[in-house]
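Participant: Got a structure for you, questions after.
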Amino acid sequence: MDKLTEILKQKFGHTSFRDGQKEIIQQVIEGKDVIAILPTGMGKSLLFQLPAYLMKGTVVIVSPLLSLMQDQVEQLKMMGEKRVVAINSFLSFEQKESVFQNLSGYKFIFTSPEMLQNNRFNRALSSIQIAYVVADEAHCISQWGFDFRPDYLRISKWLQTFPKTSVLALTATATKKVVQEIKRTLHMKEPYEYVHSLDRPTIAYEVKQLDDQKEKVAWILGRITTTNGPGILYTQSRKKTESYVEELLKKGIRAAFYHAKMEQDDRVLIQQQFQQGKLDWICATNAFGMGIHKDNIRQIIHDHIPTSISSYMQEIGRAARDGKQSIASLVYTNSDVEQAFYVAMQDFPEEADIKLVYQTDDVQIQLSETTTRILNYWKEILSEQETMDLFYEIKQKKRMEIQKLFTLFQNEWCIREQLLNNFDEQLKERPINCCTVCSYGIHHVLTERTEQKEEEKQLNWKNRLNELLY
DNA sequence: CGGTTTCCTAGTATTAGGAAACCGGTGCTATACT
């Protein structure tokens, strides 16, 4: 047995590697930059955990969410790894100090891009040996960096402080452009690239255009009350998540809503209950998703047009991790396109806002917190005109992303093929239950809803076929 | 931009109808104040 497999067995309790894992791990150990694009549930954490045991120094993992960090820390502790810490706002000033003073004692440090700007943290980091840096959910760099969380772009400068450190970037979806942005931001030199197929053969695609909002709501409520979950209903506003749940509860569906304006504790609770099978449906905004451990999600429904093909892929990709037949349904009306444009643009600075930021120092009162923060970032590195041009460009791009997805749903071409083509991938084999455009078998995908309390009973879901789609 | 909700008025019943107001995603951290 070779050394890698030995450690795999000894530390992680597996006897063999999955597709691509071994090659990626070898490259990391050799100190190469690596970018790996592979679906969630394909053993991503192993990729950054295992090499740590064959290399000197500490692994720094940059993670987008506090809950994700907590989760990973717990997972490692369960495996018996004690040298692990999450450095973020959950730690008090004193706790941080004590961690910084003993930083080399940790094998794994999880942290946020924002925290990487902390001087005290950086001084402590520069005194220890860093094995490699991991950018978890690396698509956030281009998804959030430009107009939401500028510290994602600041990683670039931060990395220059550690010029010899190699970087491992992990994500589930990335177009060629996004990969380019990740490479550039993380200063990757000829990285080893591993791209797993993005096709999910057991997810069938259903797209339906309806005339108005009422019809849409009725259709969705009908679907959820007559067919089996577990499922996620994605909506475009927080209010709607709540109103859907209200209706579903009346009809005896075990549902709960989830969005960013809820208390953190409630969010954790809802996610846990869903994962444990105590809830069948979650009605959520795009806040719900990263870090969900549930492999038997059978349905994803969208009642709107998401803001890009990538976010759509991320959202539907949460279904069918157990490899069993599932369905992703999207229902929209014509007005939903305009809504999507508006929502994507509403926090964007106007020309007047940009001028204001360049001419005044304190603009907090007039602009939203996000706008102020993002413009202050660009003010540091660009002239007023350059920022104007940049935001014009970003705006155009955002519009195009939405338009592309909308066009895709309207085209009379296979949805699966179109989605894959967007990531420069060709469809190799068409599953029987493909999509509403090209497949006749799609009506076998759904089964009738049954009143089942325990998760195990739902395992025979796919065996009971029922015609429910049309 | 488009939908939903709220408000107002007419004109006298307790509601119809139209205009105006409102609302619309994603997360980190630091700090002041209970």
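Convention: chains lettered A, B, ... in structure tokens order; per-chain residue numbering from 1; ligands numbered from 1 as shown.
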Can you check which residues of chain B have any atom within 7 Å of chain A? Use only C-alpha atoms (C1' of nucleotides) and format it as a VMD selection string.
Facilitator: chain B and resid 1 to 2 24 to 26 28 to 29
Participant: Okay, now the selection with N, CA, C and O atoms (P, O5', C5', C4', C3', O3' and C1' of nucleotides), as a PDB file, in the first residue's frame?
Facilitator:
ATOM      1  P    DC B   1     -38.081  51.692 -15.517  1.00  0.00           P
ATOM      2  O5'  DC B   1     -38.571  50.190 -15.422  1.00  0.00           O
ATOM      3  C5'  DC B   1     -38.137  49.136 -16.246  1.00  0.00           C
ATOM      4  C4'  DC B   1     -38.780  47.881 -15.711  1.00  0.00           C
ATOM      5  C3'  DC B   1     -40.301  47.864 -15.815  1.00  0.00           C
ATOM      6  O3'  DC B   1     -40.683  46.567 -16.252  1.00  0.00           O
ATOM      7  C1'  DC B   1     -39.682  47.594 -13.534  1.00  0.00           C
ATOM      8  P    DG B   2     -42.237  46.292 -16.572  1.00  0.00           P
ATOM      9  O5'  DG B   2     -42.738  45.657 -15.214  1.00  0.00           O
ATOM     10  C5'  DG B   2     -42.406  44.324 -14.912  1.00  0.00           C
ATOM     11  C4'  DG B   2     -43.091  43.943 -13.621  1.00  0.00           C
ATOM     12  C3'  DG B   2     -44.612  44.030 -13.669  1.00  0.00           C
ATOM     13  O3'  DG B   2     -45.075  42.928 -12.917  1.00  0.00           O
ATOM     14  C1'  DG B   2     -43.848  45.310 -11.890  1.00  0.00           C
ATOM     15  P    DG B  24     -38.681  44.258   1.125  1.00  0.00           P
ATOM     16  O5'  DG B  24     -38.102  43.339  -0.036  1.00  0.00           O
ATOM     17  C5'  DG B  24     -38.902  42.369  -0.730  1.00  0.00           C
ATOM     18  C4'  DG B  24     -38.291  42.170  -2.086  1.00  0.00           C
ATOM     19  C3'  DG B  24     -36.770  42.291  -2.086  1.00  0.00           C
ATOM     20  O3'  DG B  24     -36.200  40.993  -2.152  1.00  0.00           O
ATOM     21  C1'  DG B  24     -37.761  43.488  -3.909  1.00  0.00           C
ATOM     22  P    DG B  25     -35.531  40.389  -0.868  1.00  0.00           P
ATOM     23  O5'  DG B  25     -34.978  39.024  -1.427  1.00  0.00           O
ATOM     24  C5'  DG B  25     -33.946  39.069  -2.377  1.00  0.00           C
ATOM     25  C4'  DG B  25     -32.894  38.070  -2.006  1.00  0.00           C
ATOM     26  C3'  DG B  25     -32.193  38.314  -0.661  1.00  0.00           C
ATOM     27  O3'  DG B  25     -31.912  37.049  -0.071  1.00  0.00           O
ATOM     28  C1'  DG B  25     -30.661  38.646  -2.439  1.00  0.00           C
ATOM     29  P    DT B  26     -31.308  37.036   1.386  1.00  0.00           P
ATOM     30  O5'  DT B  26     -29.755  36.891   1.071  1.00  0.00           O
ATOM     31  C5'  DT B  26     -29.263  35.657   0.575  1.00  0.00           C
ATOM     32  C4'  DT B  26     -27.819  35.793   0.181  1.00  0.00           C
ATOM     33  C3'  DT B  26     -26.905  36.379   1.260  1.00  0.00           C
ATOM     34  O3'  DT B  26     -26.353  35.284   1.965  1.00  0.00           O
ATOM     35  C1'  DT B  26     -26.329  37.094  -0.956  1.00  0.00           C
ATOM     36  P    DC B  28     -21.077  34.920   7.405  1.00  0.00           P
ATOM     37  O5'  DC B  28     -19.936  35.908   7.927  1.00  0.00           O
ATOM     38  C5'  DC B  28     -18.632  35.776   7.401  1.00  0.00           C
ATOM     39  C4'  DC B  28     -17.962  37.125   7.322  1.00  0.00           C
ATOM     40  C3'  DC B  28     -17.613  37.738   8.682  1.00  0.00           C
ATOM     41  O3'  DC B  28     -16.326  37.286   9.045  1.00  0.00           O
ATOM     42  C1'  DC B  28     -18.473  39.371   7.160  1.00  0.00           C
ATOM     43  P    DT B  29     -15.933  37.386  10.584  1.00  0.00           P
ATOM     44  O5'  DT B  29     -15.803  38.965  10.834  1.00  0.00           O
ATOM     45  C5'  DT B  29     -14.842  39.729  10.109  1.00  0.00           C
ATOM     46  C4'  DT B  29     -14.870  41.145  10.643  1.00  0.00           C
ATOM     47  C3'  DT B  29     -14.734  41.242  12.164  1.00  0.00           C
ATOM     48  O3'  DT B  29     -13.748  42.201  12.453  1.00  0.00           O
ATOM     49  C1'  DT B  29     -16.652  42.417  11.440  1.00  0.00           C
TER      50       DT B  29
END
Participant: Name the residues of stretch 109-315 of chain A that fall into alpha helix (DSSP H) according to DSSP on the backbone, using the chain letters and numbers of this document, as a PyMOL selection string.
Facilitator: chain A and resi 119-126+140-144+151-160+176-185+213-226+238-250+264-275+309-315
Participant: Could you tell me how far atom CA of A:Phe423 sits from atom CA of A:Thr175, in Å to one decimal place?
Facilitator: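 If I compute the distance from atom CA of A:Thr175 to atom CA of A:Phe423, I get 4.9 Å.
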Participant: Contacts of A:Thr173 at 10 Å or less, counting only C-alpha atoms (C1' of nucleotides), minus same-chain residues fewer than 5 places along, as a PDB file with N, CA and C atoms, in the first residue's frame?
Facilitator:
ATOM      1  N   ALA A  36      -9.644  22.782  -8.473  1.00  0.00           N
ATOM      2  CA  ALA A  36     -10.464  21.584  -8.646  1.00  0.00           C
ATOM      3  C   ALA A  36     -11.935  21.953  -8.680  1.00  0.00           C
ATOM      4  N   ILE A  37     -12.583  21.565  -9.771  1.00  0.00           N
ATOM      5  CA  ILE A  37     -14.014  21.830  -9.916  1.00  0.00           C
ATOM      6  C   ILE A  37     -14.737  20.493  -9.865  1.00  0.00           C
ATOM      7  N   LEU A  38     -15.408  20.258  -8.775  1.00  0.00           N
ATOM      8  CA  LEU A  38     -16.137  18.989  -8.679  1.00  0.00           C
ATOM      9  C   LEU A  38     -17.380  19.132  -7.813  1.00  0.00           C
ATOM     10  N   PRO A  39     -18.424  18.357  -8.163  1.00  0.00           N
ATOM     11  CA  PRO A  39     -19.713  18.510  -7.483  1.00  0.00           C
ATOM     12  C   PRO A  39     -19.598  18.290  -5.979  1.00  0.00           C
ATOM     13  N   THR A  40     -20.472  18.970  -5.237  1.00  0.00           N
ATOM     14  CA  THR A  40     -20.529  18.788  -3.793  1.00  0.00           C
ATOM     15  C   THR A  40     -20.821  17.318  -3.500  1.00  0.00           C
ATOM     16  N   GLU A 137     -14.995  27.020  -1.775  1.00  0.00           N
ATOM     17  CA  GLU A 137     -16.076  27.697  -2.508  1.00  0.00           C
ATOM     18  C   GLU A 137     -15.507  28.896  -3.280  1.00  0.00           C
ATOM     19  N   ALA A 138     -14.485  28.621  -4.071  1.00  0.00           N
ATOM     20  CA  ALA A 138     -13.702  29.686  -4.703  1.00  0.00           C
ATOM     21  C   ALA A 138     -14.498  30.543  -5.687  1.00  0.00           C
ATOM     22  N   HIS A 139     -15.641  30.050  -6.148  1.00  0.00           N
ATOM     23  CA  HIS A 139     -16.453  30.868  -7.063  1.00  0.00           C
ATOM     24  C   HIS A 139     -16.916  32.158  -6.386  1.00  0.00           C
ATOM     25  N   VAL A 178     -14.810  32.442 -14.986  1.00  0.00           N
ATOM     26  CA  VAL A 178     -14.676  32.424 -13.529  1.00  0.00           C
ATOM     27  C   VAL A 178     -13.368  31.755 -13.121  1.00  0.00           C
ATOM     28  N   VAL A 179     -13.011  30.685 -13.811  1.00  0.00           N
ATOM     29  CA  VAL A 179     -11.740  30.021 -13.535  1.00  0.00           C
ATOM     30  C   VAL A 179     -10.584  31.001 -13.745  1.00  0.00           C
ATOM     31  N   VAL A 195     -11.193  19.076 -13.592  1.00  0.00           N
ATOM     32  CA  VAL A 195     -12.584  19.445 -13.819  1.00  0.00           C
ATOM     33  C   VAL A 195     -13.436  18.190 -13.940  1.00  0.00           C
ATOM     34  N   HIS A 196     -14.279  17.980 -12.992  1.00  0.00           N
ATOM     35  CA  HIS A 196     -15.208  16.856 -13.023  1.00  0.00           C
ATOM     36  C   HIS A 196     -16.415  17.261 -13.859  1.00  0.00           C
ATOM     37  N   SER A 197     -17.047  16.306 -14.497  1.00  0.00           N
ATOM     38  CA  SER A 197     -18.248  16.626 -15.272  1.00  0.00           C
ATOM     39  C   SER A 197     -19.289  17.266 -14.371  1.00  0.00           C
ATOM     40  N   LEU A 198     -19.965  18.297 -14.901  1.00  0.00           N
ATOM     41  CA  LEU A 198     -20.993  18.966 -14.114  1.00  0.00           C
ATOM     42  C   LEU A 198     -22.368  18.326 -14.331  1.00  0.00           C
ATOM     43  N   ILE A 309     -26.471  31.464 -14.601  1.00  0.00           N
ATOM     44  CA  ILE A 309     -26.486  30.021 -14.833  1.00  0.00           C
ATOM     45  C   ILE A 309     -25.726  29.312 -13.726  1.00  0.00           C
ATOM     46  N   SER A 310     -24.628  29.930 -13.273  1.00  0.00           N
ATOM     47  CA  SER A 310     -23.853  29.319 -12.194  1.00  0.00           C
ATOM     48  C   SER A 310     -24.652  29.182 -10.906  1.00  0.00           C
ATOM     49  N   SER A 311     -25.362  30.249 -10.517  1.00  0.00           N
ATOM     50  CA  SER A 311     -26.119  30.110  -9.266  1.00  0.00           C
ATOM     51  C   SER A 311     -27.262  29.116  -9.441  1.00  0.00           C
ATOM     52  N   MET A 313     -27.115  26.428 -11.276  1.00  0.00           N
ATOM     53  CA  MET A 313     -26.463  25.121 -11.158  1.00  0.00           C
ATOM     54  C   MET A 313     -26.151  24.770  -9.705  1.00  0.00           C
ATOM     55  N   GLN A 314     -25.686  25.773  -8.960  1.00  0.00           N
ATOM     56  CA  GLN A 314     -25.403  25.538  -7.544  1.00  0.00           C
ATOM     57  C   GLN A 314     -26.674  25.110  -6.819  1.00  0.00           C
ATOM     58  N   GLY A 317     -28.032  21.743  -7.936  1.00  0.00           N
ATOM     59  CA  GLY A 317     -27.032  20.724  -7.606  1.00  0.00           C
ATOM     60  C   GLY A 317     -27.172  20.154  -6.208  1.00  0.00           C
ATOM     61  N   PHE A 423     -20.718  25.652 -19.647  1.00  0.00           N
ATOM     62  CA  PHE A 423     -19.450  25.389 -18.956  1.00  0.00           C
ATOM     63  C   PHE A 423     -18.469  24.678 -19.878  1.00  0.00           C
TER      64      PHE A 423
END
Participant: Would you please extract all strand (DSSP E or B) residues from stretch 321-418 of chain A, as assigned by DSSP on the backbone, and give them as a PDB file with C-alpha atoms, in the first residue's frame?
Facilitator:
ATOM      1  CA  SER A 326     -34.781  13.769  -8.663  1.00  0.00           C
ATOM      2  CA  ILE A 327     -36.297  16.748 -10.435  1.00  0.00           C
ATOM      3  CA  ALA A 328     -35.489  20.437 -10.771  1.00  0.00           C
ATOM      4  CA  SER A 329     -38.522  22.501 -11.754  1.00  0.00           C
ATOM      5  CA  LEU A 330     -38.551  26.142 -12.687  1.00  0.00           C
ATOM      6  CA  VAL A 331     -41.768  28.076 -13.106  1.00  0.00           C
ATOM      7  CA  TYR A 332     -41.740  31.636 -14.335  1.00  0.00           C
TER       8      TYR A 332
END
Participant: With only C-alpha atoms (C1' of nucleotides) as the counted atoms, please give the residues lying no more than 12 Å from A:Val133, apart from itself and same-chain residues fewer than 5 positions off, as a PyMOL selection string.
Facilitator: chain A and resi 28+31-35+48-49+51-52+57-63+107-111+113+116+125+138+155+158-159+162-170+186-188
Participant: Using only C-alpha atoms (C1' of nucleotides), which protein or nucleic acid residues come within 12 Å of A:Gln299? Drop anything in the same chain fewer than 2 positions from it, and give the result as a PyMOL selection string.
Facilitator: chain A and resi 202-206+220+223-224+227-234+280-283+295-297+301-302+315-321+324-330+445-447+461
Participant: Using only C-alpha atoms, which residue out of A:Arg120, A:Arg416, A:Lys355, A:Lys404 lies closest to A:Phe93?
Facilitator: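 Among the listed residues, A:Arg120 lies closest to A:Phe93.
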Participant: Nearest to A:Gln21 among A:Gln72, A:Ser98, A:Thr5, A:Gln160, with distances taken over only C-alpha atoms: which residue is it?
Facilitator: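 Among the listed residues, A:Thr5 lies closest to A:Gln21.
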Participant: Could you give me, as a PDB file with all heavy atoms, in the first residue's frame, the residues within 9 Å of B:DA21, counting only C-alpha atoms (C1' of nucleotides) and dropping anything in the same chain fewer than 2 positions from it?
Facilitator:
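Output file around_29.pdb follows:
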ATOM      1  P    DT B   5     -50.629  41.347  -1.112  1.00  0.00           P
ATOM      2  OP1  DT B   5     -50.299  40.333  -0.110  1.00  0.00           O
ATOM      3  OP2  DT B   5     -51.879  41.264  -1.903  1.00  0.00           O
ATOM      4  O5'  DT B   5     -50.574  42.784  -0.413  1.00  0.00           O
ATOM      5  C5'  DT B   5     -49.343  43.246   0.150  1.00  0.00           C
ATOM      6  C4'  DT B   5     -49.533  44.681   0.612  1.00  0.00           C
ATOM      7  O4'  DT B   5     -49.663  45.553  -0.536  1.00  0.00           O
ATOM      8  C3'  DT B   5     -50.780  44.901   1.473  1.00  0.00           C
ATOM      9  O3'  DT B   5     -50.374  45.603   2.642  1.00  0.00           O
ATOM     10  C2'  DT B   5     -51.716  45.711   0.575  1.00  0.00           C
ATOM     11  C1'  DT B   5     -50.724  46.471  -0.308  1.00  0.00           C
ATOM     12  N1   DT B   5     -51.210  46.897  -1.651  1.00  0.00           N
ATOM     13  C2   DT B   5     -51.026  48.221  -2.032  1.00  0.00           C
ATOM     14  O2   DT B   5     -50.508  49.056  -1.331  1.00  0.00           O
ATOM     15  N3   DT B   5     -51.480  48.526  -3.291  1.00  0.00           N
ATOM     16  C4   DT B   5     -52.089  47.672  -4.195  1.00  0.00           C
ATOM     17  O4   DT B   5     -52.458  48.057  -5.294  1.00  0.00           O
ATOM     18  C5   DT B   5     -52.258  46.304  -3.725  1.00  0.00           C
ATOM     19  C7   DT B   5     -52.916  45.291  -4.614  1.00  0.00           C
ATOM     20  C6   DT B   5     -51.806  45.985  -2.493  1.00  0.00           C
ATOM     21  P    DT B   6     -51.380  45.994   3.773  1.00  0.00           P
ATOM     22  OP1  DT B   6     -50.669  45.880   5.059  1.00  0.00           O
ATOM     23  OP2  DT B   6     -52.657  45.280   3.542  1.00  0.00           O
ATOM     24  O5'  DT B   6     -51.614  47.533   3.457  1.00  0.00           O
ATOM     25  C5'  DT B   6     -50.487  48.411   3.346  1.00  0.00           C
ATOM     26  C4'  DT B   6     -50.989  49.799   3.008  1.00  0.00           C
ATOM     27  O4'  DT B   6     -51.429  49.841   1.623  1.00  0.00           O
ATOM     28  C3'  DT B   6     -52.180  50.247   3.860  1.00  0.00           C
ATOM     29  O3'  DT B   6     -51.905  51.556   4.326  1.00  0.00           O
ATOM     30  C2'  DT B   6     -53.363  50.213   2.891  1.00  0.00           C
ATOM     31  C1'  DT B   6     -52.674  50.512   1.564  1.00  0.00           C
ATOM     32  N1   DT B   6     -53.360  50.030   0.328  1.00  0.00           N
ATOM     33  C2   DT B   6     -53.465  50.899  -0.757  1.00  0.00           C
ATOM     34  O2   DT B   6     -53.040  52.043  -0.738  1.00  0.00           O
ATOM     35  N3   DT B   6     -54.092  50.369  -1.851  1.00  0.00           N
ATOM     36  C4   DT B   6     -54.616  49.099  -1.992  1.00  0.00           C
ATOM     37  O4   DT B   6     -55.153  48.744  -3.030  1.00  0.00           O
ATOM     38  C5   DT B   6     -54.470  48.251  -0.831  1.00  0.00           C
ATOM     39  C7   DT B   6     -55.019  46.849  -0.868  1.00  0.00           C
ATOM     40  C6   DT B   6     -53.857  48.750   0.265  1.00  0.00           C
ATOM     41  P    DC B   7     -52.796  52.255   5.412  1.00  0.00           P
ATOM     42  OP1  DC B   7     -51.897  52.745   6.466  1.00  0.00           O
ATOM     43  OP2  DC B   7     -53.956  51.387   5.740  1.00  0.00           O
ATOM     44  O5'  DC B   7     -53.341  53.495   4.584  1.00  0.00           O
ATOM     45  C5'  DC B   7     -52.505  54.143   3.607  1.00  0.00           C
ATOM     46  C4'  DC B   7     -53.398  54.922   2.666  1.00  0.00           C
ATOM     47  O4'  DC B   7     -53.926  54.036   1.647  1.00  0.00           O
ATOM     48  C3'  DC B   7     -54.607  55.576   3.352  1.00  0.00           C
ATOM     49  O3'  DC B   7     -54.575  56.969   3.088  1.00  0.00           O
ATOM     50  C2'  DC B   7     -55.812  54.878   2.731  1.00  0.00           C
ATOM     51  C1'  DC B   7     -55.265  54.395   1.388  1.00  0.00           C
ATOM     52  N1   DC B   7     -55.933  53.208   0.806  1.00  0.00           N
ATOM     53  C2   DC B   7     -56.344  53.249  -0.537  1.00  0.00           C
ATOM     54  O2   DC B   7     -56.135  54.279  -1.199  1.00  0.00           O
ATOM     55  N3   DC B   7     -56.944  52.156  -1.079  1.00  0.00           N
ATOM     56  C4   DC B   7     -57.141  51.068  -0.344  1.00  0.00           C
ATOM     57  N4   DC B   7     -57.733  50.032  -0.934  1.00  0.00           N
ATOM     58  C5   DC B   7     -56.736  51.003   1.026  1.00  0.00           C
ATOM     59  C6   DC B   7     -56.143  52.083   1.559  1.00  0.00           C
TER      60       DC B   7
END
Participant: Quick check, in Å to one decimal: how far apart do atom CA of A:Tyr132 and atom CA of A:Glu190 lie?
Facilitator: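 That distance, rounded to one decimal, is 16.1 Å.
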Participant: Quick one: residues within 12 Å of A:His14, only C-alpha atoms (C1' of nucleotides) counted, chain neighbours fewer than 6 positions away excluded, as an mmCIF file with N, CA and C atoms, in the first residue's frame?
Facilitator:
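What ended up in selection-v1.cif:
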data_model
loop_
_atom_site.group_PDB
_atom_site.id
_atom_site.type_symbol
_atom_site.label_atom_id
_atom_site.label_comp_id
_atom_site.auth_asym_id
_atom_site.auth_seq_id
_atom_site.Cartn_x
_atom_site.Cartn_y
_atom_site.Cartn_z
ATOM 1 N N LEU A 4 -0.113 7.416 0.573
ATOM 2 C CA LEU A 4 -1.383 8.158 0.546
ATOM 3 C C LEU A 4 -2.547 7.289 0.987
ATOM 4 N N THR A 5 -2.603 6.099 0.404
ATOM 5 C CA THR A 5 -3.689 5.181 0.739
ATOM 6 C C THR A 5 -3.627 4.772 2.210
ATOM 7 N N GLU A 6 -2.421 4.672 2.682
ATOM 8 C CA GLU A 6 -2.240 4.307 4.084
ATOM 9 C C GLU A 6 -2.860 5.362 5.007
ATOM 10 N N ILE A 7 -2.546 6.622 4.708
ATOM 11 C CA ILE A 7 -3.091 7.708 5.525
ATOM 12 C C ILE A 7 -4.602 7.817 5.355
ATOM 13 N N LEU A 8 -5.041 7.573 4.125
ATOM 14 C CA LEU A 8 -6.479 7.594 3.854
ATOM 15 C C LEU A 8 -7.195 6.611 4.784
ATOM 16 N N GLY A 43 -16.299 14.480 -2.011
ATOM 17 C CA GLY A 43 -15.138 14.371 -1.132
ATOM 18 C C GLY A 43 -14.166 15.523 -1.245
ATOM 19 N N LEU A 46 -11.640 16.126 1.862
ATOM 20 C CA LEU A 46 -10.458 15.248 1.896
ATOM 21 C C LEU A 46 -9.282 15.874 1.147
ATOM 22 N N LEU A 50 -6.210 15.773 3.759
ATOM 23 C CA LEU A 50 -5.185 14.724 3.715
ATOM 24 C C LEU A 50 -3.761 15.238 3.504
#
Participant: Rounded to one decimal in Å, what is the spacing between atom CA of A:Lys189 and atom CA of A:Leu54?
Facilitator: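 Atom CA of A:Leu54 lies 22.5 Å from atom CA of A:Lys189.
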Participant: So which one's closest to B:DG3, A:Glu181, A:Glu74, A:Asp353, A:Asp212? Using only C-alpha atoms (C1' of nucleotides), please.
Facilitator: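 Using only C-alpha atoms (C1' of nucleotides), the shortest distance to B:DG3 belongs to A:Asp212.
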